[in-house]
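S.K.: Input: one structure, supplied below.
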Amino acid sequence: RGIYNCLLNLCAKAEDHEGVHQVYRQLVQDGCDRNAYTYTCVISSLVKSRAVDEAWDTFREMQREGLVPNELTYGALICGFARENELDKALKLWKETKKCGYTMDVYSTSVLMQGLAKVGRMDKASRVFTAMKREGVRPNTRAYNIMCDGFGKAGEMDKALALLEEMKEMNISPDATTYNTLMDGLCKAGKADEASELFNHMTSTGCAPDVYTSTIVLAGLTKAGFTKDALKVFAVLKERGVRLNASAYNTLIDALAKAGQLQDALGLFAEMGEFGLPPDFITYNIILKAYCDVGQVQESHLLFVDLKNKGWNHDPVAYNTLTCGLAKARNFDLALQLFEEMKLKQAMPTAVTYSTLIDCLGKEGRLNEAYSLFQEMRLLKGDQQQAEVNLVVYNSLLKAVCKAGDIERAFELWEEMKRSGCNPD
RNA sequence: GCAGAUUAUUCAUUAA
């Protein structure tokens, strides 16, 4: 058993999850007995290779054998479930650790908090965070950053800012990520003035801005309609030799394109090349959309084909952008062809893909096709899809159904929305 | 003795 455990550990350390699997199979075949260490190695390896369900089965098996899981076993599983958005399971396990009298560390607790934040359950995240502190586990900067981000995205900037104060009281120093997160939240809440104050505070405490800061500031300006000022800031940053990455360029290219200044946008795109800064897939997605928006869908399509030939064909956003452009130009043949292509490539259709097609088909009066796409979404479960029905999908279908005058079906949908936790907006 | 975490830029619905 000792040898097997060592082997498992080695494979796990090398991130060789297939190896862990093989060693474990061999171990079972040999009828070798397992201890908590053995199981924990296997479980955390399974979690790492995103096979949470298998990890869970292994966990159950472990318990059936009468072995006692430790903090690490629980930690791995809680992280696994939290990452897969299975937060009820994660929370249940977390509660179990309390019953066992275990103290979970900041790490696992943070992953759980982040998972809860991602699905908008900040109340629960907050309780988990408080419980951790009450147990005497000292939070770190990252844990606070996660909570600040969660509150910001939930539109509760007051709570996020209160945490910054708490950090000071606790003598935990905020870092660039903390300030970036808060500034981004403030910008998105339309409080640019407060964001700017925070920026001054950040630099006055000796915390240096990083590449994220630039993009957050630039995006804050463009989204508030100050693209000209953003361009000025951009020029100053370049002049001062601040390192700018593709994201900073992307922000401005997108803003210019959306303001109808396609030529200026393309000019910046060209500048990236001159500076030896390679465009990333987001840059191309922005250009793809820019062409569609000025009615040059064929130009967009040409670029898309070009990208595919270079092997950039795994991005659902690129597919979605072009599909939308085509569908809005009423070229459904090609749009639906791309949709089918997505299923074959490593770019599974997302909720955006479905809502795009449902909406455009609805506008075209092709309600039955829109409806069957909706059904398809609901039928695909688990690993074969990246698409959960969401509010926009319901809204699009509802619009199509109303346009067709089918009031009865509209009410059916309305009720279904509420039942499934998608509250109408 | 064993695992793991945070922020930015791109795509879909939105009446009168």
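Following the order of the structure tokens, first chain is A, next is B, and so on, with residues numbered from 1 inside each chain and ligands from 1 in the order they appear.
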Residues of chain B were defined as contacting chain A if any atom lay at most 6 Å from it, counting only C-alpha atoms (C1' of nucleotides); please report them as a list in words.
M.R.: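 Contact residues on the first chain: C2, A3, A5, U6, U7, A8, U9, U10, C11, A12 and U13 of chain B.
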S.K.: Would you return as an MDAnalysis selection string the members of region 299-407 of chain A that DSSP assigns to helix (DSSP H, G or I) on this structure's backbone?
M.R.: chainID A and resid 299:309 316:328 332:344 351:363 367:379 382:384 391:403 407
S.K.: So that I can check the surroundings of Trp94 (chain A), please list as a ChimeraX atom specification every protein, DNA and RNA residue that reaches within 7 Å of it, counting only C-alpha atoms (C1' of nucleotides) and ignoring chain neighbours fewer than 4 positions away.
M.R.: /A:78,90,98
S.K.: Find the residues near region 259-263 of chain A: any atom within 12 Å, counting only C-alpha atoms (C1' of nucleotides), skip ones fewer than 4 places away on the same chain, and give them as a ChimeraX atom specification.
M.R.: /A:222-223,225-228,252-255,267-270,286-296
S.K.: Those residues you just picked out, can you put them in a file as a PDB file, in the first residue's frame with N, CA and C atoms?
M.R.:
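As a result, out_10.pdb now contains:
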```
ATOM      1  N   THR A 222     -14.558  54.753 -21.678  1.00  0.00           N
ATOM      2  CA  THR A 222     -15.299  54.540 -22.927  1.00  0.00           C
ATOM      3  C   THR A 222     -16.756  54.182 -22.654  1.00  0.00           C
ATOM      4  N   LYS A 223     -16.977  53.363 -21.640  1.00  0.00           N
ATOM      5  CA  LYS A 223     -18.353  52.937 -21.365  1.00  0.00           C
ATOM      6  C   LYS A 223     -19.209  54.085 -20.842  1.00  0.00           C
ATOM      7  N   GLY A 225     -18.958  56.924 -22.133  1.00  0.00           N
ATOM      8  CA  GLY A 225     -19.098  57.826 -23.268  1.00  0.00           C
ATOM      9  C   GLY A 225     -17.932  58.782 -23.461  1.00  0.00           C
ATOM     10  N   PHE A 226     -16.845  58.548 -22.740  1.00  0.00           N
ATOM     11  CA  PHE A 226     -15.688  59.447 -22.859  1.00  0.00           C
ATOM     12  C   PHE A 226     -14.551  58.818 -23.650  1.00  0.00           C
ATOM     13  N   THR A 227     -14.863  58.364 -24.834  1.00  0.00           N
ATOM     14  CA  THR A 227     -13.860  57.690 -25.649  1.00  0.00           C
ATOM     15  C   THR A 227     -12.694  58.617 -25.997  1.00  0.00           C
ATOM     16  N   LYS A 228     -13.014  59.886 -26.217  1.00  0.00           N
ATOM     17  CA  LYS A 228     -11.953  60.841 -26.544  1.00  0.00           C
ATOM     18  C   LYS A 228     -10.947  60.954 -25.399  1.00  0.00           C
ATOM     19  N   LEU A 252     -10.115  50.004 -26.698  1.00  0.00           N
ATOM     20  CA  LEU A 252     -10.268  51.187 -27.549  1.00  0.00           C
ATOM     21  C   LEU A 252     -10.728  50.830 -28.954  1.00  0.00           C
ATOM     22  N   ILE A 253     -10.232  49.732 -29.477  1.00  0.00           N
ATOM     23  CA  ILE A 253     -10.671  49.309 -30.812  1.00  0.00           C
ATOM     24  C   ILE A 253     -12.178  49.090 -30.792  1.00  0.00           C
ATOM     25  N   ASP A 254     -12.648  48.435 -29.747  1.00  0.00           N
ATOM     26  CA  ASP A 254     -14.081  48.179 -29.632  1.00  0.00           C
ATOM     27  C   ASP A 254     -14.871  49.478 -29.499  1.00  0.00           C
ATOM     28  N   ALA A 255     -14.370  50.373 -28.653  1.00  0.00           N
ATOM     29  CA  ALA A 255     -15.086  51.634 -28.439  1.00  0.00           C
ATOM     30  C   ALA A 255     -15.179  52.426 -29.741  1.00  0.00           C
ATOM     31  N   GLY A 267      -7.050  51.350 -37.583  1.00  0.00           N
ATOM     32  CA  GLY A 267      -5.749  51.985 -37.430  1.00  0.00           C
ATOM     33  C   GLY A 267      -5.040  51.518 -36.170  1.00  0.00           C
ATOM     34  N   LEU A 268      -5.791  51.453 -35.073  1.00  0.00           N
ATOM     35  CA  LEU A 268      -5.210  50.966 -33.816  1.00  0.00           C
ATOM     36  C   LEU A 268      -4.813  49.505 -33.927  1.00  0.00           C
ATOM     37  N   PHE A 269      -5.647  48.774 -34.628  1.00  0.00           N
ATOM     38  CA  PHE A 269      -5.366  47.351 -34.856  1.00  0.00           C
ATOM     39  C   PHE A 269      -4.030  47.194 -35.580  1.00  0.00           C
ATOM     40  N   ALA A 270      -3.832  48.055 -36.577  1.00  0.00           N
ATOM     41  CA  ALA A 270      -2.572  48.020 -37.334  1.00  0.00           C
ATOM     42  C   ALA A 270      -1.393  48.403 -36.438  1.00  0.00           C
ATOM     43  N   ILE A 286     -13.691  41.390 -31.919  1.00  0.00           N
ATOM     44  CA  ILE A 286     -14.133  42.785 -32.018  1.00  0.00           C
ATOM     45  C   ILE A 286     -14.195  43.208 -33.486  1.00  0.00           C
ATOM     46  N   ILE A 287     -13.181  42.824 -34.250  1.00  0.00           N
ATOM     47  CA  ILE A 287     -13.148  43.181 -35.674  1.00  0.00           C
ATOM     48  C   ILE A 287     -14.263  42.451 -36.433  1.00  0.00           C
ATOM     49  N   LEU A 288     -14.462  41.198 -36.087  1.00  0.00           N
ATOM     50  CA  LEU A 288     -15.536  40.433 -36.736  1.00  0.00           C
ATOM     51  C   LEU A 288     -16.869  41.150 -36.555  1.00  0.00           C
ATOM     52  N   LYS A 289     -17.114  41.595 -35.333  1.00  0.00           N
ATOM     53  CA  LYS A 289     -18.376  42.279 -35.058  1.00  0.00           C
ATOM     54  C   LYS A 289     -18.429  43.641 -35.740  1.00  0.00           C
ATOM     55  N   ALA A 290     -17.305  44.334 -35.736  1.00  0.00           N
ATOM     56  CA  ALA A 290     -17.272  45.665 -36.347  1.00  0.00           C
ATOM     57  C   ALA A 290     -17.694  45.586 -37.815  1.00  0.00           C
ATOM     58  N   TYR A 291     -17.180  44.610 -38.522  1.00  0.00           N
ATOM     59  CA  TYR A 291     -17.572  44.442 -39.929  1.00  0.00           C
ATOM     60  C   TYR A 291     -19.065  44.143 -40.048  1.00  0.00           C
ATOM     61  N   CYS A 292     -19.548  43.243 -39.222  1.00  0.00           N
ATOM     62  CA  CYS A 292     -20.976  42.917 -39.272  1.00  0.00           C
ATOM     63  C   CYS A 292     -21.822  44.156 -39.038  1.00  0.00           C
ATOM     64  N   ASP A 293     -21.417  44.965 -38.086  1.00  0.00           N
ATOM     65  CA  ASP A 293     -22.226  46.117 -37.706  1.00  0.00           C
ATOM     66  C   ASP A 293     -22.310  47.187 -38.791  1.00  0.00           C
ATOM     67  N   VAL A 294     -21.326  47.216 -39.695  1.00  0.00           N
ATOM     68  CA  VAL A 294     -21.443  48.181 -40.785  1.00  0.00           C
ATOM     69  C   VAL A 294     -21.981  47.502 -42.049  1.00  0.00           C
ATOM     70  N   GLY A 295     -22.499  46.302 -41.874  1.00  0.00           N
ATOM     71  CA  GLY A 295     -23.127  45.612 -42.992  1.00  0.00           C
ATOM     72  C   GLY A 295     -22.172  44.854 -43.897  1.00  0.00           C
ATOM     73  N   GLN A 296     -20.914  44.763 -43.456  1.00  0.00           N
ATOM     74  CA  GLN A 296     -19.948  44.014 -44.273  1.00  0.00           C
ATOM     75  C   GLN A 296     -19.779  42.591 -43.742  1.00  0.00           C
TER      76      GLN A 296
END
```
S.K.: I'd like the interatomic distance between CA of Ser49 (chain A) and CA of His17 (chain A), to a tenth of an Å.
M.R.: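 Atom-to-atom, CA of Ser49 (chain A) to CA of His17 (chain A), that is 6.6 Å.
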